[in-house]
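Source file: final.txt; contents: compact mmCIF, C-alpha atoms.
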# COMPACT_ATOMS: atom_id res chain seq x y z
CA MET F 1 -19.52 14.09 75.83
CA ALA F 2 -18.74 10.47 76.78
CA THR F 3 -18.62 9.54 80.45
CA ILE F 4 -17.03 6.72 82.44
CA GLU F 5 -18.66 5.20 85.52
CA THR F 6 -16.43 5.23 88.61
CA VAL F 7 -17.15 4.21 92.19
CA LEU F 8 -17.87 7.87 92.96
CA GLY F 9 -20.17 8.31 89.97
CA PRO F 10 -19.70 9.21 86.33
CA ILE F 11 -16.81 11.37 85.18
CA GLU F 12 -16.04 12.93 81.83
CA ALA F 13 -14.02 10.42 79.84
CA ALA F 14 -11.40 13.08 79.16
CA ASP F 15 -10.72 13.30 82.90
CA LEU F 16 -9.71 9.66 83.35
CA GLY F 17 -5.96 10.21 82.94
CA PHE F 18 -3.13 7.70 83.33
CA THR F 19 -4.86 4.37 83.94
CA LEU F 20 -3.80 0.88 85.03
CA SER F 21 -5.79 -1.70 83.11
CA HIS F 22 -6.26 -4.67 85.46
CA GLU F 23 -5.88 -4.20 89.22
CA HIS F 24 -7.37 -4.84 92.66
CA ALA F 25 -7.31 -1.74 94.86
CA ILE F 26 -7.95 -3.82 97.98
CA GLY F 27 -6.93 -7.46 98.28
CA ALA F 28 -10.26 -8.22 99.89
CA ALA F 29 -9.75 -11.75 101.25
CA GLY F 30 -11.89 -13.59 98.72
CA PRO F 31 -15.02 -15.34 100.02
CA GLU F 32 -13.78 -14.90 103.60
CA ARG F 33 -14.79 -11.25 103.28
CA TRP F 34 -18.39 -12.50 103.29
CA TYR F 35 -18.15 -15.60 105.49
CA TYR F 36 -15.70 -14.49 108.18
CA GLY F 37 -15.59 -10.72 107.96
CA TRP F 38 -14.84 -10.54 111.68
CA ARG F 39 -11.32 -11.82 110.97
CA PHE F 40 -10.35 -8.50 109.40
CA ASP F 41 -9.75 -4.93 110.54
CA TRP F 42 -11.63 -3.01 107.86
CA ASP F 43 -10.85 0.42 109.32
CA ARG F 44 -7.12 -0.30 109.13
CA THR F 45 -7.58 -1.82 105.69
CA ARG F 46 -9.29 1.39 104.57
CA GLU F 47 -6.43 3.50 105.96
CA ARG F 48 -3.82 1.36 104.21
CA GLY F 49 -5.76 1.51 100.95
CA ILE F 50 -5.94 5.30 101.05
CA GLU F 51 -2.24 5.55 101.90
CA ALA F 52 -1.25 3.25 99.04
CA LEU F 53 -3.45 4.96 96.47
CA LYS F 54 -2.25 8.41 97.55
CA GLN F 55 1.27 7.19 96.80
CA ILE F 56 0.45 6.00 93.30
CA LYS F 57 -1.47 9.23 92.68
CA ALA F 58 1.59 11.23 93.74
CA GLU F 59 3.68 9.28 91.23
CA GLY F 60 1.38 9.89 88.30
CA VAL F 61 -1.35 7.23 88.35
CA ASP F 62 -4.79 8.79 87.99
CA ALA F 63 -7.08 5.78 87.67
CA LEU F 64 -7.34 2.01 87.78
CA ILE F 65 -9.78 -0.57 86.54
CA ASP F 66 -10.58 -2.70 89.58
CA LEU F 67 -11.54 -6.18 88.43
CA THR F 68 -12.48 -7.60 91.82
CA THR F 69 -15.66 -9.66 91.54
CA PRO F 70 -17.95 -10.79 94.41
CA ASP F 71 -16.22 -14.17 94.70
CA LEU F 72 -12.89 -12.34 95.11
CA GLY F 73 -14.30 -10.32 98.01
CA ARG F 74 -15.35 -7.13 96.22
CA ASN F 75 -16.35 -4.38 98.68
CA ALA F 76 -17.91 -1.51 96.77
CA ALA F 77 -18.32 0.78 99.78
CA LEU F 78 -14.66 0.32 100.68
CA LEU F 79 -13.61 1.07 97.10
CA ALA F 80 -15.61 4.30 97.23
CA ASP F 81 -13.95 5.27 100.51
CA VAL F 82 -10.40 4.72 99.25
CA SER F 83 -11.13 6.51 95.99
CA ARG F 84 -12.57 9.50 97.84
CA GLY F 85 -9.66 9.54 100.29
CA SER F 86 -6.92 9.24 97.67
CA GLY F 87 -8.20 11.07 94.60
CA VAL F 88 -7.64 8.01 92.38
CA HIS F 89 -10.49 7.17 90.02
CA ILE F 90 -11.60 3.54 90.46
CA VAL F 91 -13.79 1.69 87.97
CA ALA F 92 -15.48 -1.26 89.68
CA ALA F 93 -16.59 -4.48 88.03
CA THR F 94 -19.55 -6.79 88.03
CA GLY F 95 -19.20 -10.36 86.80
CA MET F 96 -17.58 -13.49 88.17
CA TRP F 97 -14.07 -14.94 88.56
CA ARG F 98 -12.89 -18.46 87.64
CA ASP F 99 -14.85 -20.40 90.31
CA PRO F 100 -18.50 -19.58 89.56
CA PRO F 101 -21.00 -20.67 92.22
CA ARG F 102 -22.92 -23.82 91.31
CA VAL F 103 -26.09 -21.84 90.63
CA PHE F 104 -24.49 -20.35 87.52
CA ALA F 105 -24.48 -23.83 85.97
CA THR F 106 -28.24 -24.23 86.30
CA ARG F 107 -29.76 -20.74 86.36
CA ASP F 108 -31.13 -19.31 83.12
CA ILE F 109 -28.42 -17.29 81.37
CA ASP F 110 -30.65 -14.25 81.04
CA GLU F 111 -31.29 -14.34 84.79
CA SER F 112 -27.57 -14.24 85.46
CA ALA F 113 -27.21 -11.42 82.92
CA ALA F 114 -29.92 -9.51 84.81
CA ILE F 115 -27.79 -9.67 87.98
CA PHE F 116 -24.86 -8.09 86.15
CA ILE F 117 -27.16 -5.51 84.55
CA ARG F 118 -28.56 -4.51 87.94
CA GLU F 119 -25.05 -3.90 89.29
CA ILE F 120 -24.40 -1.68 86.27
CA GLU F 121 -27.66 0.24 86.15
CA VAL F 122 -28.79 0.32 89.79
CA GLY F 123 -25.73 -0.41 91.88
CA ILE F 124 -23.78 -3.02 93.82
CA ASP F 125 -25.58 -4.24 96.94
CA ASP F 126 -27.21 -1.15 98.48
CA THR F 127 -24.21 1.15 97.99
CA GLY F 128 -25.31 2.96 94.85
CA VAL F 129 -21.85 2.23 93.40
CA ARG F 130 -22.37 1.19 89.79
CA ALA F 131 -20.08 -1.14 87.88
CA GLY F 132 -18.19 0.38 84.97
CA ALA F 133 -16.93 -2.93 83.55
CA ILE F 134 -17.73 -6.66 83.47
CA LYS F 135 -15.12 -9.23 84.56
CA VAL F 136 -15.05 -12.90 83.57
CA ALA F 137 -12.34 -15.50 84.11
CA ASN F 138 -11.14 -18.79 82.71
CA ASP F 139 -7.86 -20.61 83.32
CA GLU F 140 -6.11 -23.98 83.02
CA GLU F 141 -9.24 -25.83 84.15
CA GLY F 142 -10.82 -24.88 80.83
CA ILE F 143 -14.21 -23.45 79.98
CA SER F 144 -16.83 -25.68 81.59
CA GLU F 145 -20.54 -25.41 80.93
CA ALA F 146 -20.86 -23.16 83.99
CA HIS F 147 -18.01 -20.97 82.75
CA ALA F 148 -19.57 -20.72 79.30
CA ARG F 149 -22.86 -19.64 80.82
CA VAL F 150 -21.08 -16.90 82.77
CA LEU F 151 -19.39 -15.72 79.56
CA ARG F 152 -22.75 -15.64 77.77
CA ALA F 153 -24.40 -13.80 80.66
CA ALA F 154 -21.59 -11.23 80.60
CA ALA F 155 -21.99 -10.88 76.85
CA ARG F 156 -25.73 -10.21 77.15
CA ALA F 157 -25.16 -7.69 79.94
CA SER F 158 -22.53 -5.94 77.80
CA ILE F 159 -24.91 -5.71 74.85
CA ALA F 160 -27.75 -4.44 77.05
CA THR F 161 -25.70 -1.75 78.81
CA GLY F 162 -22.73 -0.95 76.59
CA ARG F 163 -20.35 -1.79 79.44
CA PRO F 164 -17.10 -3.41 78.30
CA ILE F 165 -15.92 -6.90 79.23
CA SER F 166 -12.40 -7.51 80.57
CA THR F 167 -11.26 -11.11 80.92
CA HIS F 168 -8.82 -13.23 82.86
CA HIS F 169 -7.54 -15.87 80.46
CA TRP F 170 -4.96 -18.64 80.21
CA ALA F 171 -2.71 -17.10 77.61
CA ARG F 172 -0.38 -20.06 77.20
CA GLY F 173 -3.38 -22.17 76.21
CA GLU F 174 -4.59 -19.48 73.74
CA GLN F 175 -7.88 -19.44 75.61
CA GLY F 176 -8.70 -15.96 74.42
CA THR F 177 -9.70 -17.43 71.07
CA GLU F 178 -12.47 -19.46 72.72
CA GLN F 179 -13.59 -16.56 74.91
CA LEU F 180 -13.82 -14.38 71.83
CA ARG F 181 -15.75 -17.04 69.90
CA ILE F 182 -18.43 -17.16 72.61
CA PHE F 183 -18.67 -13.37 72.83
CA LEU F 184 -19.03 -13.07 69.07
CA GLU F 185 -21.69 -15.79 69.01
CA GLU F 186 -23.64 -13.64 71.45
CA GLY F 187 -23.12 -10.55 69.30
CA VAL F 188 -20.85 -8.44 71.53
CA PRO F 189 -19.21 -5.61 69.57
CA VAL F 190 -15.49 -6.30 69.48
CA HIS F 191 -14.59 -2.85 70.79
CA GLN F 192 -16.31 -3.83 74.08
CA ILE F 193 -13.95 -6.78 74.64
CA CYS F 194 -10.53 -6.82 76.32
CA ILE F 195 -8.64 -10.10 76.68
CA GLY F 196 -6.65 -9.87 79.91
CA HIS F 197 -3.37 -11.37 81.16
CA ALA F 198 -2.24 -11.35 77.53
CA ALA F 199 1.38 -10.70 78.53
CA ASP F 200 1.54 -14.15 80.12
CA THR F 201 2.53 -15.37 76.66
CA THR F 202 5.38 -14.29 74.39
CA ASP F 203 3.62 -15.70 71.32
CA VAL F 204 3.23 -12.50 69.33
CA GLU F 205 1.43 -14.23 66.46
CA TYR F 206 -1.32 -15.47 68.78
CA LEU F 207 -1.74 -11.99 70.23
CA VAL F 208 -1.84 -10.43 66.77
CA SER F 209 -4.60 -12.88 65.80
CA LEU F 210 -6.72 -11.49 68.65
CA LEU F 211 -5.90 -7.89 67.78
CA GLU F 212 -6.79 -8.48 64.14
CA ALA F 213 -10.21 -9.65 65.32
CA GLY F 214 -10.69 -6.16 66.80
CA VAL F 215 -10.38 -6.66 70.56
CA TYR F 216 -8.23 -4.87 73.12
CA LEU F 217 -5.45 -6.64 75.03
CA SER F 218 -4.50 -6.01 78.65
CA MET F 219 -0.75 -6.58 78.86
CA ASP F 220 -0.63 -6.98 82.61
CA ARG F 221 0.73 -9.08 85.46
CA TYR F 222 3.89 -6.97 85.58
CA PRO F 223 6.55 -7.71 86.76
CA GLY F 224 5.77 -11.39 86.20
CA ARG F 225 5.25 -14.37 88.45
CA PRO F 226 7.15 -17.61 89.04
CA GLY F 227 7.08 -19.82 85.96
CA ARG F 228 5.78 -17.03 83.72
CA PRO F 229 7.49 -14.38 81.61
CA GLY F 230 9.47 -11.78 83.55
CA TRP F 231 9.02 -8.07 83.04
CA GLN F 232 11.75 -7.84 80.42
CA GLU F 233 9.99 -10.52 78.35
CA ARG F 234 6.68 -8.74 78.82
CA ASN F 235 8.27 -5.52 77.63
CA ALA F 236 9.71 -7.32 74.60
CA THR F 237 6.24 -8.61 73.70
CA VAL F 238 4.67 -5.17 74.15
CA LYS F 239 7.38 -3.57 72.03
CA ALA F 240 6.93 -6.16 69.28
CA LEU F 241 3.21 -5.37 69.16
CA VAL F 242 3.81 -1.61 69.24
CA ASP F 243 6.32 -1.97 66.42
CA ARG F 244 3.61 -3.69 64.40
CA GLY F 245 1.29 -0.74 64.94
CA TRP F 246 -0.95 -2.03 67.72
CA ALA F 247 -0.40 0.55 70.49
CA HIS F 248 -3.97 1.77 69.92
CA ARG F 249 -5.32 -1.59 71.20
CA LEU F 250 -3.01 -2.24 74.18
CA MET F 251 -3.36 -1.40 77.88
CA LEU F 252 -0.85 -2.09 80.67
CA GLY F 253 -1.33 -3.17 84.27
CA HIS F 254 -0.11 -5.38 87.12
CA ASP F 255 -3.05 -7.54 88.26
CA GLY F 256 -1.80 -6.37 91.63
CA THR F 257 -3.20 -4.91 94.84
CA ALA F 258 -2.63 -1.50 96.34
CA ALA F 259 -3.32 -2.81 99.85
CA ARG F 260 -4.32 -6.19 101.23
CA ALA F 261 -6.99 -6.81 103.84
CA VAL F 262 -5.48 -6.43 107.32
CA LEU F 263 -6.25 -9.15 109.85
CA ALA F 264 -7.81 -8.11 113.14
CA GLY F 265 -5.06 -7.32 115.62
CA ALA F 266 -2.45 -6.66 112.94
CA THR F 267 -1.13 -3.31 111.76
CA ASP F 268 -0.50 -4.33 108.15
CA ALA F 269 -0.89 -7.22 105.73
CA PRO F 270 2.02 -9.21 104.29
CA SER F 271 3.18 -8.37 100.77
CA ASP F 272 2.63 -10.74 97.87
CA GLY F 273 6.36 -11.51 97.85
CA TYR F 274 7.12 -10.89 94.19
CA ASN F 275 6.42 -7.22 93.52
CA PRO F 276 7.76 -4.86 96.18
CA ASP F 277 6.89 -1.85 94.00
CA GLY F 278 3.20 -2.79 93.93
CA LEU F 279 1.13 -0.70 91.55
CA LEU F 280 4.14 1.52 90.88
CA PHE F 281 6.23 -1.08 89.07
CA LEU F 282 5.17 0.11 85.64
CA THR F 283 5.78 3.79 86.32
CA ARG F 284 9.10 3.14 88.08
CA ILE F 285 10.58 0.29 86.03
CA GLY F 286 8.40 -1.16 83.27
CA ILE F 287 7.62 1.99 81.32
CA PRO F 288 11.12 3.49 81.68
CA GLY F 289 12.34 0.16 80.31
CA LEU F 290 10.05 0.43 77.29
CA LEU F 291 11.25 3.98 76.64
CA ALA F 292 14.87 2.86 76.90
CA GLU F 293 14.14 0.12 74.35
CA GLY F 294 12.87 2.69 71.85
CA VAL F 295 9.12 2.75 72.43
CA ALA F 296 7.98 6.33 71.82
CA GLN F 297 6.41 8.43 74.57
CA SER F 298 3.44 8.89 72.26
CA ALA F 299 2.87 5.11 72.28
CA ILE F 300 3.11 5.06 76.08
CA ASP F 301 0.50 7.83 76.29
CA GLU F 302 -1.70 5.91 73.88
CA MET F 303 -1.57 2.71 75.97
CA MET F 304 -1.84 4.36 79.39
CA ARG F 305 -4.31 7.15 78.64
CA GLU F 306 -6.15 6.96 75.36
CA VAL F 307 -6.84 3.21 75.13
CA PRO F 308 -8.37 2.83 78.64
CA ARG F 309 -10.46 5.93 78.03
CA ARG F 310 -11.81 4.62 74.71
CA PHE F 311 -12.41 1.14 76.12
CA LEU F 312 -14.31 2.30 79.19
CA ALA F 313 -16.27 4.96 77.32
CA GLY F 314 -17.37 2.47 74.66
CA GLU F 315 -15.81 4.39 71.80
CA ARG F 316 -15.25 2.46 68.59

Give the structure from this file in structure tokens form.
Amino acid sequence: MATIETVLGPIEAADLGFTLSHEHAIGAAGPERWYYGWRFDWDRTRERGIEALKQIKAEGVDALIDLTTPDLGRNAALLADVSRGSGVHIVAATGMWRDPPRVFATRDIDESAAIFIREIEVGIDDTGVRAGAIKVANDEEGISEAHARVLRAAARASIATGRPISTHHWARGEQGTEQLRIFLEEGVPVHQICIGHAADTTDVEYLVSLLEAGVYLSMDRYPGRPGRPGWQERNATVKALVDRGWAHRLMLGHDGTAARAVLAGATDAPSDGYNPDGLLFLTRIGIPGLLAEGVAQSAIDEMMREVPRRFLAGER
């Protein structure tokens, strides 16, 4: 039977449950986590993370794909602690976000791929926590030579291990087309590719062009951010795709955090200011809105349960 790698080890794919497609369990302070770790109260951060994930578990969320990379402050041991304390399955990621270190521009691509492969097959740092997905990111700055080398390294790691790739992309610039081109040049099977932040555009025809190529889409960043589509527009785009028969290739998420790193001397971290419901927005507002607009419960179950399971398990 297929398994999925979580921060607490492999689980049967059938046990994954209701899953958020693109999240960050702990807002881990980016590079400051490594450079100035003394600025943060990690014990309090752990407590807040467990509290927050217990709440989403109580409201029906079983799992999340955590796409925090090293440059975003990934802390594998902390992810394991909050998963163990809350009962929420967390799938951690290897890879790199949109600001790759300079060495990625000069290092041999296969050497970079080997780093990702080690985090998948051996573990992250010395924690024994193995990555269950590969994260890459491009945005308005475009795909530089360094970015392209990261994409190719991720592709080679995906081929070598069978781990899926989930991207951050600039949807309004239709950047997913270029990401996909590079992955296909490297030979990545399309069922191992998810183009993320796809709900940042309302251009259904662009999204259908990606789906017709065979990839998954993460319709995330609910409930929206300033200058980008709001949650109602995101729902309208999701519904349009479901109506065209694409529920079997869609996943939903927030690109949000359950808890942010708490500064030393503080009792809590400030909210992000635009999503007071945190990782519960979809279950409380977004999904009820889709149901009210006529999306069938079976399509919701497909997007929230079956699609993440198939994607993470590597099923075609």

Name the residues in contact with Gly30 in chain F at a cut-off of 10 Å, using all atoms listed in the file, excluding same-chain residues fewer than 4 positions from it; report them as an mmCIF file with C-alpha atoms, in the coordinates of the input.
data_model
loop_
_atom_site.group_PDB
_atom_site.id
_atom_site.type_symbol
_atom_site.label_atom_id
_atom_site.label_comp_id
_atom_site.auth_asym_id
_atom_site.auth_seq_id
_atom_site.Cartn_x
_atom_site.Cartn_y
_atom_site.Cartn_z
ATOM 1 C CA TRP F 34 -18.390 -12.500 103.290
ATOM 2 C CA TYR F 35 -18.150 -15.600 105.490
ATOM 3 C CA THR F 68 -12.480 -7.600 91.820
ATOM 4 C CA THR F 69 -15.660 -9.660 91.540
ATOM 5 C CA PRO F 70 -17.950 -10.790 94.410
ATOM 6 C CA ASP F 71 -16.220 -14.170 94.700
ATOM 7 C CA LEU F 72 -12.890 -12.340 95.110
ATOM 8 C CA GLY F 73 -14.300 -10.320 98.010
ATOM 9 C CA ARG F 74 -15.350 -7.130 96.220
ATOM 10 C CA ALA F 261 -6.990 -6.810 103.840
#

| Taking into account all atoms listed in the file, which residue in the set F:Leu53, F:Ala171, F:Ala153, F:Leu217 is nearest to Gly187 in chain F? |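 For Gly187 in chain F, the nearest of the candidates is F:Ala153.
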
| message | Show me, as JSON, numbers by chain, the residues that have an atom within 9 Å of Leu64 in chain F when counting all atoms listed in the file, minus same-chain residues fewer than 6 positions from it. | response | {"F": [18, 19, 20, 21, 22, 23, 24, 25, 88, 89, 90, 91, 92, 253]}

Would you output that residue set with C-alpha atoms, as a short mmCIF file (atom, residue, chain, number, x, y, z; two decimals), keeping the file's coordinate frame?
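Here's the written file part.cif:
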data_model
loop_
_atom_site.label_atom_id
_atom_site.label_comp_id
_atom_site.auth_asym_id
_atom_site.auth_seq_id
_atom_site.Cartn_x
_atom_site.Cartn_y
_atom_site.Cartn_z
CA PHE F 18 -3.13 7.70 83.33
CA THR F 19 -4.86 4.37 83.94
CA LEU F 20 -3.80 0.88 85.03
CA SER F 21 -5.79 -1.70 83.11
CA HIS F 22 -6.26 -4.67 85.46
CA GLU F 23 -5.88 -4.20 89.22
CA HIS F 24 -7.37 -4.84 92.66
CA ALA F 25 -7.31 -1.74 94.86
CA VAL F 88 -7.64 8.01 92.38
CA HIS F 89 -10.49 7.17 90.02
CA ILE F 90 -11.60 3.54 90.46
CA VAL F 91 -13.79 1.69 87.97
CA ALA F 92 -15.48 -1.26 89.68
CA GLY F 253 -1.33 -3.17 84.27
#

| field | Selected residue, from F:Val262, F:Val82, F:Arg163, F:Glu174, that lies nearest to Arg310 in chain F when counting only C-alpha atoms | value |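 Counting only C-alpha atoms, the residue closest to Arg310 in chain F is F:Arg163.
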
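CA of Val136 in chain F sits 16.7 Å away from CA of Ile124 in chain F.
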
| Using all atoms listed in the file, which residue out of F:Gly162, F:Gly265, F:Gly245, F:Pro288 lies closest to Arg316 in chain F? |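 So, comparing all the options, the nearest one is F:Gly162.
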
| query | So how far away is CA of His191 in chain F from CA of Ala299 in chain F, in Å? | reply | 19.2 Å

| said: At a cut-off of 9 Å around the point (-4.3, 1.8, 96.4) (file coordinates), what residues fall inside when counting all atoms listed in the file? I'd like the answer as a VMD selection string. | reply: chain F and resid 24 to 26 48 to 57 82 to 83 86 88 257 to 259 279

Filtering to C-alpha atoms, could you give me those residues as a PDB file, keeping the file's coordinate frame?
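Written file, result-v2.pdb:
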ATOM      1  CA  HIS F  24      -7.370  -4.840  92.660  1.00  0.00           C
ATOM      2  CA  ALA F  25      -7.310  -1.740  94.860  1.00  0.00           C
ATOM      3  CA  ILE F  26      -7.950  -3.820  97.980  1.00  0.00           C
ATOM      4  CA  ARG F  48      -3.820   1.360 104.210  1.00  0.00           C
ATOM      5  CA  GLY F  49      -5.760   1.510 100.950  1.00  0.00           C
ATOM      6  CA  ILE F  50      -5.940   5.300 101.050  1.00  0.00           C
ATOM      7  CA  GLU F  51      -2.240   5.550 101.900  1.00  0.00           C
ATOM      8  CA  ALA F  52      -1.250   3.250  99.040  1.00  0.00           C
ATOM      9  CA  LEU F  53      -3.450   4.960  96.470  1.00  0.00           C
ATOM     10  CA  LYS F  54      -2.250   8.410  97.550  1.00  0.00           C
ATOM     11  CA  GLN F  55       1.270   7.190  96.800  1.00  0.00           C
ATOM     12  CA  ILE F  56       0.450   6.000  93.300  1.00  0.00           C
ATOM     13  CA  LYS F  57      -1.470   9.230  92.680  1.00  0.00           C
ATOM     14  CA  VAL F  82     -10.400   4.720  99.250  1.00  0.00           C
ATOM     15  CA  SER F  83     -11.130   6.510  95.990  1.00  0.00           C
ATOM     16  CA  SER F  86      -6.920   9.240  97.670  1.00  0.00           C
ATOM     17  CA  VAL F  88      -7.640   8.010  92.380  1.00  0.00           C
ATOM     18  CA  THR F 257      -3.200  -4.910  94.840  1.00  0.00           C
ATOM     19  CA  ALA F 258      -2.630  -1.500  96.340  1.00  0.00           C
ATOM     20  CA  ALA F 259      -3.320  -2.810  99.850  1.00  0.00           C
ATOM     21  CA  LEU F 279       1.130  -0.700  91.550  1.00  0.00           C
TER      22      LEU F 279
END

| request: Compile the contact shell of range 117-123 of chain F as a ChimeraX atom specification: residues with an atom at most 10 Å away, counting all atoms listed in the file, same-chain residues fewer than 2 positions apart removed. | output: /F:5,7,76,92-95,111-115,125-134,153-154,156-163

| field | Protein/DNA/RNA residues near (-9.8, -8.1, 71.8), cut 6 Å, all atoms listed in the file, as a list in words | value |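 Here the neighbourhood of the point contains Ile193, Cys194, Ile195, Leu210, Leu211, Gly214, Val215, Tyr216 and Leu217 of chain F.
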
| Separation of CA of Pro10 in chain F and CA of Leu312 in chain F, in Å? | 11.3 Å

| field | Nearest residue to Arg234 in chain F from the set F:Leu79, F:Ala199, F:Val204, F:Ala13 (distances using all atoms listed in the file) | value | F:Ala199

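Using all atoms listed in the file for every distance, the candidate list F:Pro270, F:Gly286, F:Val208, F:Glu293 yields F:Val208 as the residue closest to Arg244 in chain F.
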